[in-house]
Amino acid sequence: MPQNNSSTPGARESNAGDEFHILWAARRAVQLLNPRSGLQRVVMEGVSQEDTSKIEEGLLLGVDLSEYYGGDKFETADRIEVSQLKYSTKHPDKKWTASRLCASKSTNRNNSVIQRLANIYTGFLKDYKREDILKKLSIRLVSNQPVADDLSDFLQSVQSVLSSQFATESVQVGRLKNSLESESDVAILKEIQRKAGLKSTEFTDFLRIFDLNHCGQNSRPLQRIELILELSPYVSHDPVATLRSLCELGSISIWHLILLGDRKSL
């Protein structure tokens, strides 16, 4: 009898990751129902169609979700949050370190998390002005796994130095390195730069908009509860039943339009 792949550990981990992606996206999409949120569009597995037409496809492989606030494309939006999502059932407490961000699964090419996130920045930089990107764009890692303290401290220190000493000035990595007081921060800076694949000033700009604040998220069961609580103000009866009905409607449901479209679709 052929083995059922869905029962293998690798398949279970993948399915759990997919479910986390959907739950996280659904929680973001609920805010489309809130006119005060400013959210105009939520896109899974990419960016808006208008932006996709301008950005090289291979540079967007790291995009699992994008959120547009104040507008539905880069030119009109006030803020764009682009996320890569990672979920682990086997090792939920394993921390994100600089080495993990820089690790490649392939032996003959760099497919590290940090390079895929850096590629997103490169994609936008090819078609939009630097100052607009720094003002609007946030590139984040979202995970149930927490960030290691030294990596979190590094990013806070770097972003503090960049904002206080260099403001919006384009700065070389060497100048940034000389402004860091911690040897640990310098070591992490060098390690991440080697794997990001960006030019010196592009790398320091990427660090300005790199966001690790959404790591350490709740498990899938708690994500479901949070989704129900966030959905409840917008339904007139049982939010659990509403959520179940929306999921059962399938690919042509209003819920699907929320996830893949924008406020105008509702």
# chains A, B, ... in the order shown; residues from 1 in each chain; ligands from 1

call {"tool": "select_by_dssp", "arguments": {"residues": "region 146-216 of chain A", "states": "strand (DSSP E or B)", "output": "PyMOL selection string"}}
result
chain A and resi 147+210-215

call {"tool": "select_by_dssp", "arguments": {"residues": "region 41-145 of chain A", "states": "alpha helix (DSSP H)", "output": "VMD selection string"}}
result
chain A and resid 49 to 52 98 to 102 113 to 125 130 to 136

call {"tool": "write_last_selection", "arguments": {"atoms": "N, CA and C atoms", "output": "tab-separated table (two decimals), in the first residue's frame"}}
result
chain	number	residue	atom	x	y	z
A	49	GLN	N	-1.06	43.69	-8.22
A	49	GLN	CA	-0.85	43.43	-9.64
A	49	GLN	C	-0.09	44.56	-10.30
A	50	GLU	N	-0.38	45.79	-9.90
A	50	GLU	CA	0.30	46.95	-10.48
A	50	GLU	C	1.79	46.92	-10.17
A	51	ASP	N	2.13	46.52	-8.95
A	51	ASP	CA	3.54	46.46	-8.57
A	51	ASP	C	4.22	45.24	-9.18
A	52	THR	N	3.50	44.14	-9.28
A	52	THR	CA	4.06	42.92	-9.87
A	52	THR	C	4.50	43.15	-11.30
A	98	ALA	N	21.24	35.23	13.73
A	98	ALA	CA	21.83	35.72	12.48
A	98	ALA	C	22.23	34.54	11.59
A	99	SER	N	22.77	33.50	12.20
A	99	SER	CA	23.19	32.33	11.42
A	99	SER	C	22.01	31.65	10.75
A	100	ARG	N	20.87	31.57	11.44
A	100	ARG	CA	19.68	30.97	10.83
A	100	ARG	C	19.18	31.81	9.67
A	101	LEU	N	19.17	33.12	9.85
A	101	LEU	CA	18.74	34.00	8.76
A	101	LEU	C	19.62	33.82	7.53
A	102	CYS	N	20.89	33.51	7.76
A	102	CYS	CA	21.86	33.46	6.67
A	102	CYS	C	22.06	32.05	6.10
A	113	VAL	N	17.02	32.99	4.07
A	113	VAL	CA	15.90	33.87	4.39
A	113	VAL	C	16.30	35.32	4.20
A	114	ILE	N	17.50	35.68	4.65
A	114	ILE	CA	17.90	37.08	4.57
A	114	ILE	C	18.05	37.54	3.12
A	115	GLN	N	18.54	36.66	2.24
A	115	GLN	CA	18.66	37.09	0.84
A	115	GLN	C	17.29	37.25	0.18
A	116	ARG	N	16.36	36.36	0.49
A	116	ARG	CA	15.02	36.50	-0.11
A	116	ARG	C	14.35	37.78	0.37
A	117	LEU	N	14.57	38.13	1.64
A	117	LEU	CA	14.00	39.38	2.13
A	117	LEU	C	14.72	40.57	1.50
A	118	ALA	N	16.02	40.48	1.35
A	118	ALA	CA	16.78	41.55	0.72
A	118	ALA	C	16.40	41.71	-0.75
A	119	ASN	N	16.08	40.59	-1.42
A	119	ASN	CA	15.66	40.65	-2.82
A	119	ASN	C	14.37	41.46	-2.99
A	120	ILE	N	13.50	41.41	-1.98
A	120	ILE	CA	12.26	42.20	-2.04
A	120	ILE	C	12.61	43.68	-2.11
A	121	TYR	N	13.56	44.10	-1.28
A	121	TYR	CA	14.01	45.49	-1.31
A	121	TYR	C	14.59	45.83	-2.68
A	122	THR	N	15.41	44.93	-3.22
A	122	THR	CA	16.01	45.16	-4.54
A	122	THR	C	14.93	45.34	-5.60
A	123	GLY	N	13.88	44.51	-5.53
A	123	GLY	CA	12.81	44.61	-6.52
A	123	GLY	C	12.14	45.96	-6.52
A	124	PHE	N	11.82	46.47	-5.35
A	124	PHE	CA	11.20	47.78	-5.27
A	124	PHE	C	12.17	48.89	-5.68
A	125	LEU	N	13.45	48.71	-5.35
A	125	LEU	CA	14.44	49.75	-5.64
A	125	LEU	C	14.64	49.94	-7.14
A	130	ARG	N	14.35	55.84	-3.82
A	130	ARG	CA	14.86	55.41	-2.52
A	130	ARG	C	14.09	56.06	-1.38
A	131	GLU	N	13.88	57.36	-1.46
A	131	GLU	CA	13.22	58.06	-0.36
A	131	GLU	C	11.79	57.59	-0.16
A	132	ASP	N	11.11	57.21	-1.25
A	132	ASP	CA	9.74	56.71	-1.14
A	132	ASP	C	9.73	55.32	-0.49
A	133	ILE	N	10.71	54.50	-0.85
A	133	ILE	CA	10.80	53.16	-0.27
A	133	ILE	C	11.04	53.24	1.23
A	134	LEU	N	11.98	54.10	1.63
A	134	LEU	CA	12.29	54.22	3.06
A	134	LEU	C	11.10	54.78	3.84
A	135	LYS	N	10.30	55.58	3.20
A	135	LYS	CA	9.14	56.18	3.85
A	135	LYS	C	7.98	55.19	3.96
A	136	LYS	N	7.79	54.35	2.96
A	136	LYS	CA	6.58	53.54	2.87
A	136	LYS	C	6.76	52.07	3.22

call {"tool": "residues_around", "arguments": {"residues": "Val82 (chain A)", "least_positions_apart": "3", "cutoff": "8 Å", "atoms": "only C-alpha atoms", "output": "list of chain:residue names"}}
result
A:Val47, A:Val63, A:Asp64, A:Leu65, A:Ser66, A:Glu67, A:Leu137, A:Ser138, A:Ile139, A:Arg140

call {"tool": "residues_around", "arguments": {"residues": "Val186 (chain A)", "least_positions_apart": "4", "cutoff": "10 Å", "atoms": "only C-alpha atoms", "output": "MDAnalysis selection string"}}
result
chainID A and resid 154 158 176:182 190:191

call {"tool": "write_last_selection", "arguments": {"atoms": "C-alpha atoms", "output": "compact mmCIF listing (two decimals), in the first residue's frame"}}
result
# COMPACT_ATOMS: atom_id res chain seq x y z
CA PHE A 154 21.63 44.27 16.99
CA VAL A 158 21.62 49.59 14.03
CA LEU A 176 27.81 52.24 10.12
CA LYS A 177 30.20 49.64 11.50
CA ASN A 178 32.43 52.35 12.99
CA SER A 179 29.40 53.79 14.78
CA LEU A 180 28.51 50.52 16.53
CA GLU A 181 29.83 50.10 20.07
CA SER A 182 29.25 46.36 20.48
CA LYS A 190 29.28 41.44 8.73
CA GLU A 191 27.57 38.04 8.74

call {"tool": "closest_residue", "arguments": {"among": "A:Asp18, A:Val147, A:Tyr69, A:Ser53", "to": "Gln40 (chain A)", "atoms": "only C-alpha atoms"}}
result
A:Tyr69

call {"tool": "residues_around", "arguments": {"residues": "Ser48 (chain A)", "least_positions_apart": "4", "cutoff": "12 Å", "atoms": "only C-alpha atoms", "output": "MDAnalysis selection string"}}
result
chainID A and resid 40:44 52:55 60 63 65:68 71:77 80:82 260:262

call {"tool": "atom_distance", "arguments": {"atom1": "CA of Leu162 (chain A)", "atom2": "CA of Gln193 (chain A)"}}
result
15.7 Å

call {"tool": "residues_around", "arguments": {"residues": "Lys95 (chain A)", "least_positions_apart": "5", "cutoff": "12 Å", "atoms": "only C-alpha atoms", "output": "PyMOL selection string"}}
result
chain A and resi 86-88+100-101+143-152+212+215-216

call {"tool": "closest_residue", "arguments": {"among": "A:Ser232, A:Lys195, A:Asn218, A:Thr89", "to": "Trp24 (chain A)", "atoms": "only C-alpha atoms"}}
result
A:Asn218

call {"tool": "closest_residue", "arguments": {"among": "A:Glu56, A:Asp78, A:Asp185, A:Glu202", "to": "Gln156 (chain A)", "atoms": "only C-alpha atoms"}}
result
A:Asp185
